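To be precise, the following lines are model17.cif, and they hold mmCIF, C-alpha atoms.
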data_entry
loop_
_atom_site.label_atom_id
_atom_site.label_comp_id
_atom_site.auth_asym_id
_atom_site.auth_seq_id
_atom_site.Cartn_x
_atom_site.Cartn_y
_atom_site.Cartn_z
CA MET A 1 -6.81 -62.82 -16.08
CA ASN A 2 -5.61 -63.23 -12.51
CA THR A 3 -3.35 -66.04 -11.36
CA TYR A 4 -4.66 -67.80 -8.26
CA ILE A 5 -3.46 -70.57 -6.00
CA VAL A 6 -6.31 -72.84 -4.92
CA LEU A 7 -5.79 -75.03 -1.86
CA LEU A 8 -8.33 -77.72 -1.09
CA ARG A 9 -8.38 -79.32 2.32
CA GLY A 10 -9.05 -82.94 3.10
CA ILE A 11 -9.38 -84.40 -0.37
CA ASN A 12 -8.00 -87.81 -1.32
CA VAL A 13 -7.45 -88.71 2.32
CA GLY A 14 -8.85 -91.91 3.77
CA GLY A 15 -10.87 -92.83 0.68
CA LYS A 16 -13.98 -90.82 1.63
CA THR A 17 -13.28 -87.64 -0.30
CA THR A 18 -11.74 -88.90 -3.51
CA LEU A 19 -11.32 -86.31 -6.22
CA PRO A 20 -8.94 -87.11 -9.08
CA MET A 21 -6.89 -84.10 -10.16
CA LYS A 22 -7.91 -84.55 -13.82
CA ALA A 23 -11.57 -84.35 -12.82
CA LEU A 24 -10.88 -81.34 -10.60
CA ALA A 25 -9.11 -79.58 -13.48
CA ALA A 26 -12.11 -80.25 -15.74
CA LEU A 27 -14.52 -78.83 -13.13
CA LEU A 28 -12.38 -75.71 -12.78
CA GLU A 29 -12.20 -75.25 -16.53
CA ALA A 30 -16.01 -75.52 -16.67
CA LEU A 31 -16.07 -72.62 -14.19
CA GLY A 32 -14.00 -70.50 -16.57
CA ALA A 33 -10.50 -71.27 -15.30
CA LYS A 34 -7.60 -71.27 -17.74
CA GLN A 35 -4.13 -72.82 -17.55
CA VAL A 36 -5.16 -75.15 -14.73
CA LYS A 37 -2.18 -76.93 -13.20
CA THR A 38 -2.28 -79.32 -10.26
CA TYR A 39 0.44 -80.57 -7.97
CA ILE A 40 0.13 -83.95 -6.26
CA GLN A 41 -3.19 -85.43 -5.26
CA SER A 42 -3.82 -83.36 -2.12
CA GLY A 43 -5.56 -80.40 -3.73
CA ASN A 44 -2.98 -77.88 -4.91
CA VAL A 45 -4.02 -75.95 -7.99
CA VAL A 46 -2.72 -72.96 -9.88
CA LEU A 47 -5.04 -71.37 -12.41
CA GLN A 48 -5.99 -68.21 -14.17
CA HIS A 49 -9.49 -66.78 -13.78
CA GLU A 50 -11.26 -63.51 -14.45
CA ALA A 51 -12.84 -63.46 -10.97
CA VAL A 52 -11.71 -60.71 -8.61
CA ASP A 53 -13.46 -61.94 -5.44
CA THR A 54 -11.40 -64.84 -4.09
CA ALA A 55 -13.98 -65.77 -1.43
CA ALA A 56 -16.74 -66.00 -4.04
CA LEU A 57 -14.54 -68.10 -6.31
CA ALA A 58 -13.73 -70.45 -3.39
CA GLU A 59 -17.45 -70.84 -2.68
CA GLN A 60 -18.15 -71.51 -6.32
CA ILE A 61 -15.45 -74.20 -6.47
CA ALA A 62 -16.66 -75.88 -3.25
CA GLY A 63 -20.22 -75.78 -4.58
CA VAL A 64 -19.45 -77.46 -7.87
CA ILE A 65 -17.41 -80.14 -6.10
CA ALA A 66 -20.30 -80.76 -3.68
CA GLN A 67 -22.71 -81.01 -6.59
CA GLU A 68 -20.54 -83.49 -8.50
CA TYR A 69 -18.96 -85.49 -5.66
CA SER A 70 -21.34 -85.17 -2.68
CA PHE A 71 -18.79 -83.57 -0.37
CA ALA A 72 -17.67 -79.97 -0.04
CA PRO A 73 -14.01 -79.53 0.83
CA HIS A 74 -12.75 -76.38 2.45
CA VAL A 75 -11.42 -74.31 -0.47
CA LEU A 76 -9.03 -71.41 -0.10
CA VAL A 77 -8.21 -69.18 -3.07
CA LEU A 78 -5.11 -67.02 -2.73
CA GLU A 79 -3.88 -64.30 -5.01
CA ARG A 80 -0.42 -64.98 -6.37
CA ALA A 81 0.99 -61.96 -4.49
CA ALA A 82 -0.50 -63.13 -1.17
CA PHE A 83 1.05 -66.56 -1.62
CA ARG A 84 4.42 -65.01 -2.38
CA GLN A 85 4.09 -62.73 0.64
CA ALA A 86 3.42 -65.77 2.85
CA MET A 87 6.66 -67.29 1.59
CA ALA A 88 8.61 -64.07 2.07
CA ARG A 89 7.38 -63.64 5.65
CA ASN A 90 8.67 -67.06 6.73
CA PRO A 91 10.08 -66.38 10.22
CA PHE A 92 12.21 -69.54 10.13
CA PRO A 93 14.36 -69.15 7.00
CA GLU A 94 17.00 -71.57 8.26
CA ALA A 95 14.34 -74.33 8.28
CA VAL A 96 13.99 -74.31 4.48
CA ALA A 97 17.10 -76.52 4.36
CA GLU A 98 14.83 -79.31 5.67
CA PRO A 99 11.58 -78.44 3.87
CA ALA A 100 9.54 -81.31 5.33
CA THR A 101 9.92 -79.78 8.80
CA LEU A 102 8.58 -76.34 7.88
CA HIS A 103 4.83 -75.98 7.40
CA LEU A 104 2.61 -73.08 6.43
CA GLY A 105 -0.98 -73.28 7.62
CA PHE A 106 -3.07 -71.08 5.33
CA LEU A 107 -6.08 -69.78 7.25
CA GLY A 108 -9.50 -69.21 5.74
CA ALA A 109 -9.95 -66.11 7.89
CA LEU A 110 -7.99 -63.93 10.25
CA PRO A 111 -8.33 -65.61 13.66
CA PRO A 112 -10.55 -63.38 15.82
CA GLN A 113 -9.13 -64.57 19.16
CA PRO A 114 -6.31 -67.07 18.68
CA ASP A 115 -5.45 -68.96 21.85
CA LEU A 116 -1.70 -68.41 21.79
CA ALA A 117 -1.35 -69.76 25.34
CA LYS A 118 -2.90 -73.06 24.20
CA LEU A 119 -0.53 -73.18 21.23
CA GLU A 120 2.42 -72.59 23.55
CA HIS A 121 1.16 -75.36 25.86
CA LEU A 122 0.95 -77.81 22.93
CA ARG A 123 4.38 -76.90 21.58
CA ALA A 124 7.20 -79.42 22.01
CA ALA A 125 10.54 -78.00 23.13
CA SER A 126 12.02 -78.40 19.63
CA GLU A 127 9.09 -76.70 17.86
CA ARG A 128 8.64 -73.08 16.93
CA PHE A 129 5.57 -71.30 15.58
CA ALA A 130 4.43 -67.89 14.49
CA LEU A 131 1.09 -66.47 13.43
CA ILE A 132 1.46 -63.73 10.84
CA ASP A 133 -1.82 -62.44 9.44
CA ARG A 134 -3.57 -65.45 7.88
CA VAL A 135 -0.61 -67.83 7.93
CA PHE A 136 0.43 -70.13 10.78
CA TYR A 137 4.12 -71.03 10.44
CA LEU A 138 5.29 -74.19 12.17
CA HIS A 139 8.81 -75.52 12.35
CA ALA A 140 8.59 -79.08 13.66
CA PRO A 141 12.05 -80.68 13.38
CA GLU A 142 10.74 -84.01 14.67
CA GLY A 143 7.90 -84.02 12.11
CA VAL A 144 4.26 -82.96 12.21
CA GLY A 145 2.91 -86.51 12.41
CA ARG A 146 3.59 -86.69 16.14
CA SER A 147 3.22 -82.99 16.88
CA LYS A 148 0.53 -82.06 19.37
CA LEU A 149 0.93 -78.47 18.21
CA ALA A 150 0.23 -79.40 14.58
CA ALA A 151 -2.79 -81.46 15.64
CA GLY A 152 -4.27 -78.75 17.85
CA ALA A 153 -3.36 -75.59 15.97
CA GLU A 154 -6.56 -75.12 13.97
CA LYS A 155 -8.79 -75.41 17.03
CA ALA A 156 -6.60 -73.06 19.07
CA LEU A 157 -6.51 -70.55 16.23
CA GLY A 158 -10.27 -70.65 15.72
CA ALA A 159 -10.16 -70.47 11.92
CA PRO A 160 -10.20 -73.10 9.16
CA MET A 161 -6.68 -73.98 8.05
CA THR A 162 -5.02 -76.05 5.36
CA ASP A 163 -1.39 -76.96 5.82
CA ARG A 164 1.44 -77.33 3.26
CA ASN A 165 5.08 -78.17 3.87
CA TRP A 166 7.76 -75.91 2.44
CA ARG A 167 8.62 -78.30 -0.40
CA THR A 168 5.00 -78.21 -1.57
CA VAL A 169 4.86 -74.44 -1.16
CA GLU A 170 7.91 -74.09 -3.42
CA LYS A 171 6.42 -76.44 -6.04
CA ILE A 172 3.15 -74.50 -6.04
CA TRP A 173 5.07 -71.24 -6.41
CA ALA A 174 6.96 -72.67 -9.39
CA LEU A 175 3.62 -73.57 -11.02
CA ALA A 176 2.31 -70.07 -10.27
CA GLY A 177 5.29 -68.61 -12.10
CA GLU A 178 4.54 -70.77 -15.13
CA ALA A 179 0.87 -69.78 -15.09
CA ALA A 180 1.42 -66.04 -14.69
CA PRO A 181 0.38 -63.93 -17.67
CA ARG A 182 3.33 -62.93 -19.79
#
Just give me the structure as structure tokens.
Amino acid sequence: MNTYIVLLRGINVGGKTTLPMKALAALLEALGAKQVKTYIQSGNVVLQHEAVDTAALAEQIAGVIAQEYSFAPHVLVLERAAFRQAMARNPFPEAVAEPATLHLGFLGALPPQPDLAKLEHLRAASERFALIDRVFYLHAPEGVGRSKLAAGAEKALGAPMTDRNWRTVEKIWALAGEAAPR
């Protein structure tokens, strides 16, 4: 069994894409997942599965959600090692002291032609960002709610992205440690 982190984008936001975590866990178990653990209502899951193709597993999860709930969220499945590597590559380690200001945008694909000039144009003076492989790191000391960079990053990168703050990343990692085969 492999331990995977599953990130769903855009669920339980605005009342249109409601998916209770208990129901999500049941759907995942029906797909063969074991030790399914969720964190908060925004689509953070750690599970074990025999699948080896993360893209195929993501498609399968999105498909079963679409079938049951009439919407297909963007689903990203990460291997445990890839998630840990994203944490280890954080270019702003001093920002972890204020975890709500540090965000990791997990990309569904490697951006073919990211518009870094556009990102720089959107960036406030206090903000910093870095694109490392399939992770967009954003340190926004004034918060992402008002950040033009946070709002425009996905479009400028040209790849689907789902964002998690550092506190959530740490909580997911803790769950991944609990779910790892012993």
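The coordinates place CA of Val77 in chain A at 15.5 Å from CA of Gln35 in chain A.
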Requested in this report: Please evaluate the PyMOL selection byres ((chain A and resi 165) around 9) against the structure above and give the resulting residues as a PyMOL selection string.
Outcome: chain A and resi 99-105+163-164+166-170
Report task. Spell out the residues picked by the PyMOL selection byres ((chain A and resi 124-132) around 12) here, as a PyMOL selection string. Result -> chain A and resi 85-92+95+101-107+110-111+113-116+119-123+133-144+146-150+153-154+156-157
Kindly export the residues of the current selection with C-alpha atoms, as a short mmCIF file (atom, residue, chain, number, x, y, z; two decimals), keeping the file's coordinate frame.
data_model
loop_
_atom_site.label_atom_id
_atom_site.label_comp_id
_atom_site.auth_asym_id
_atom_site.auth_seq_id
_atom_site.Cartn_x
_atom_site.Cartn_y
_atom_site.Cartn_z
CA GLN A 85 4.09 -62.73 0.64
CA ALA A 86 3.42 -65.77 2.85
CA MET A 87 6.66 -67.29 1.59
CA ALA A 88 8.61 -64.07 2.07
CA ARG A 89 7.38 -63.64 5.65
CA ASN A 90 8.67 -67.06 6.73
CA PRO A 91 10.08 -66.38 10.22
CA PHE A 92 12.21 -69.54 10.13
CA ALA A 95 14.34 -74.33 8.28
CA THR A 101 9.92 -79.78 8.80
CA LEU A 102 8.58 -76.34 7.88
CA HIS A 103 4.83 -75.98 7.40
CA LEU A 104 2.61 -73.08 6.43
CA GLY A 105 -0.98 -73.28 7.62
CA PHE A 106 -3.07 -71.08 5.33
CA LEU A 107 -6.08 -69.78 7.25
CA LEU A 110 -7.99 -63.93 10.25
CA PRO A 111 -8.33 -65.61 13.66
CA GLN A 113 -9.13 -64.57 19.16
CA PRO A 114 -6.31 -67.07 18.68
CA ASP A 115 -5.45 -68.96 21.85
CA LEU A 116 -1.70 -68.41 21.79
CA LEU A 119 -0.53 -73.18 21.23
CA GLU A 120 2.42 -72.59 23.55
CA HIS A 121 1.16 -75.36 25.86
CA LEU A 122 0.95 -77.81 22.93
CA ARG A 123 4.38 -76.90 21.58
CA ASP A 133 -1.82 -62.44 9.44
CA ARG A 134 -3.57 -65.45 7.88
CA VAL A 135 -0.61 -67.83 7.93
CA PHE A 136 0.43 -70.13 10.78
CA TYR A 137 4.12 -71.03 10.44
CA LEU A 138 5.29 -74.19 12.17
CA HIS A 139 8.81 -75.52 12.35
CA ALA A 140 8.59 -79.08 13.66
CA PRO A 141 12.05 -80.68 13.38
CA GLU A 142 10.74 -84.01 14.67
CA GLY A 143 7.90 -84.02 12.11
CA VAL A 144 4.26 -82.96 12.21
CA ARG A 146 3.59 -86.69 16.14
CA SER A 147 3.22 -82.99 16.88
CA LYS A 148 0.53 -82.06 19.37
CA LEU A 149 0.93 -78.47 18.21
CA ALA A 150 0.23 -79.40 14.58
CA ALA A 153 -3.36 -75.59 15.97
CA GLU A 154 -6.56 -75.12 13.97
CA ALA A 156 -6.60 -73.06 19.07
CA LEU A 157 -6.51 -70.55 16.23
#
Query raised in the report: Written as an MDAnalysis selection string, what is the full residue list that the PyMOL selection byres ((chain A and resi 38) around 12) yields on the file shown?
Result: chainID A and resid 4:8 20:26 28 35:37 39:47 168 171:176 178:179
Using only C-alpha atoms, please write the residues we just selected to a file, as a CSV table (one decimal), keeping the file's coordinate frame.
chain,number,residue,atom,x,y,z
A,4,TYR,CA,-4.7,-67.8,-8.3
A,5,ILE,CA,-3.5,-70.6,-6.0
A,6,VAL,CA,-6.3,-72.8,-4.9
A,7,LEU,CA,-5.8,-75.0,-1.9
A,8,LEU,CA,-8.3,-77.7,-1.1
A,20,PRO,CA,-8.9,-87.1,-9.1
A,21,MET,CA,-6.9,-84.1,-10.2
A,22,LYS,CA,-7.9,-84.6,-13.8
A,23,ALA,CA,-11.6,-84.4,-12.8
A,24,LEU,CA,-10.9,-81.3,-10.6
A,25,ALA,CA,-9.1,-79.6,-13.5
A,26,ALA,CA,-12.1,-80.2,-15.7
A,28,LEU,CA,-12.4,-75.7,-12.8
A,35,GLN,CA,-4.1,-72.8,-17.6
A,36,VAL,CA,-5.2,-75.2,-14.7
A,37,LYS,CA,-2.2,-76.9,-13.2
A,39,TYR,CA,0.4,-80.6,-8.0
A,40,ILE,CA,0.1,-84.0,-6.3
A,41,GLN,CA,-3.2,-85.4,-5.3
A,42,SER,CA,-3.8,-83.4,-2.1
A,43,GLY,CA,-5.6,-80.4,-3.7
A,44,ASN,CA,-3.0,-77.9,-4.9
A,45,VAL,CA,-4.0,-76.0,-8.0
A,46,VAL,CA,-2.7,-73.0,-9.9
A,47,LEU,CA,-5.0,-71.4,-12.4
A,168,THR,CA,5.0,-78.2,-1.6
A,171,LYS,CA,6.4,-76.4,-6.0
A,172,ILE,CA,3.2,-74.5,-6.0
A,173,TRP,CA,5.1,-71.2,-6.4
A,174,ALA,CA,7.0,-72.7,-9.4
A,175,LEU,CA,3.6,-73.6,-11.0
A,176,ALA,CA,2.3,-70.1,-10.3
A,178,GLU,CA,4.5,-70.8,-15.1
A,179,ALA,CA,0.9,-69.8,-15.1
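CA of Lys155 in chain A is positioned 21.7 Å from CA of Phe71 in chain A.
The gap separating CA of Ala30 in chain A from CA of Glu79 in chain A is 20.2 Å, in Å to one decimal.
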Query - Expected answer as a ChimeraX atom specification: all residues with atoms within 12 Å of (-15.6, -69.8, -9.1), all atoms listed in the file - result: /A:4,6,27-34,47-65,75-77
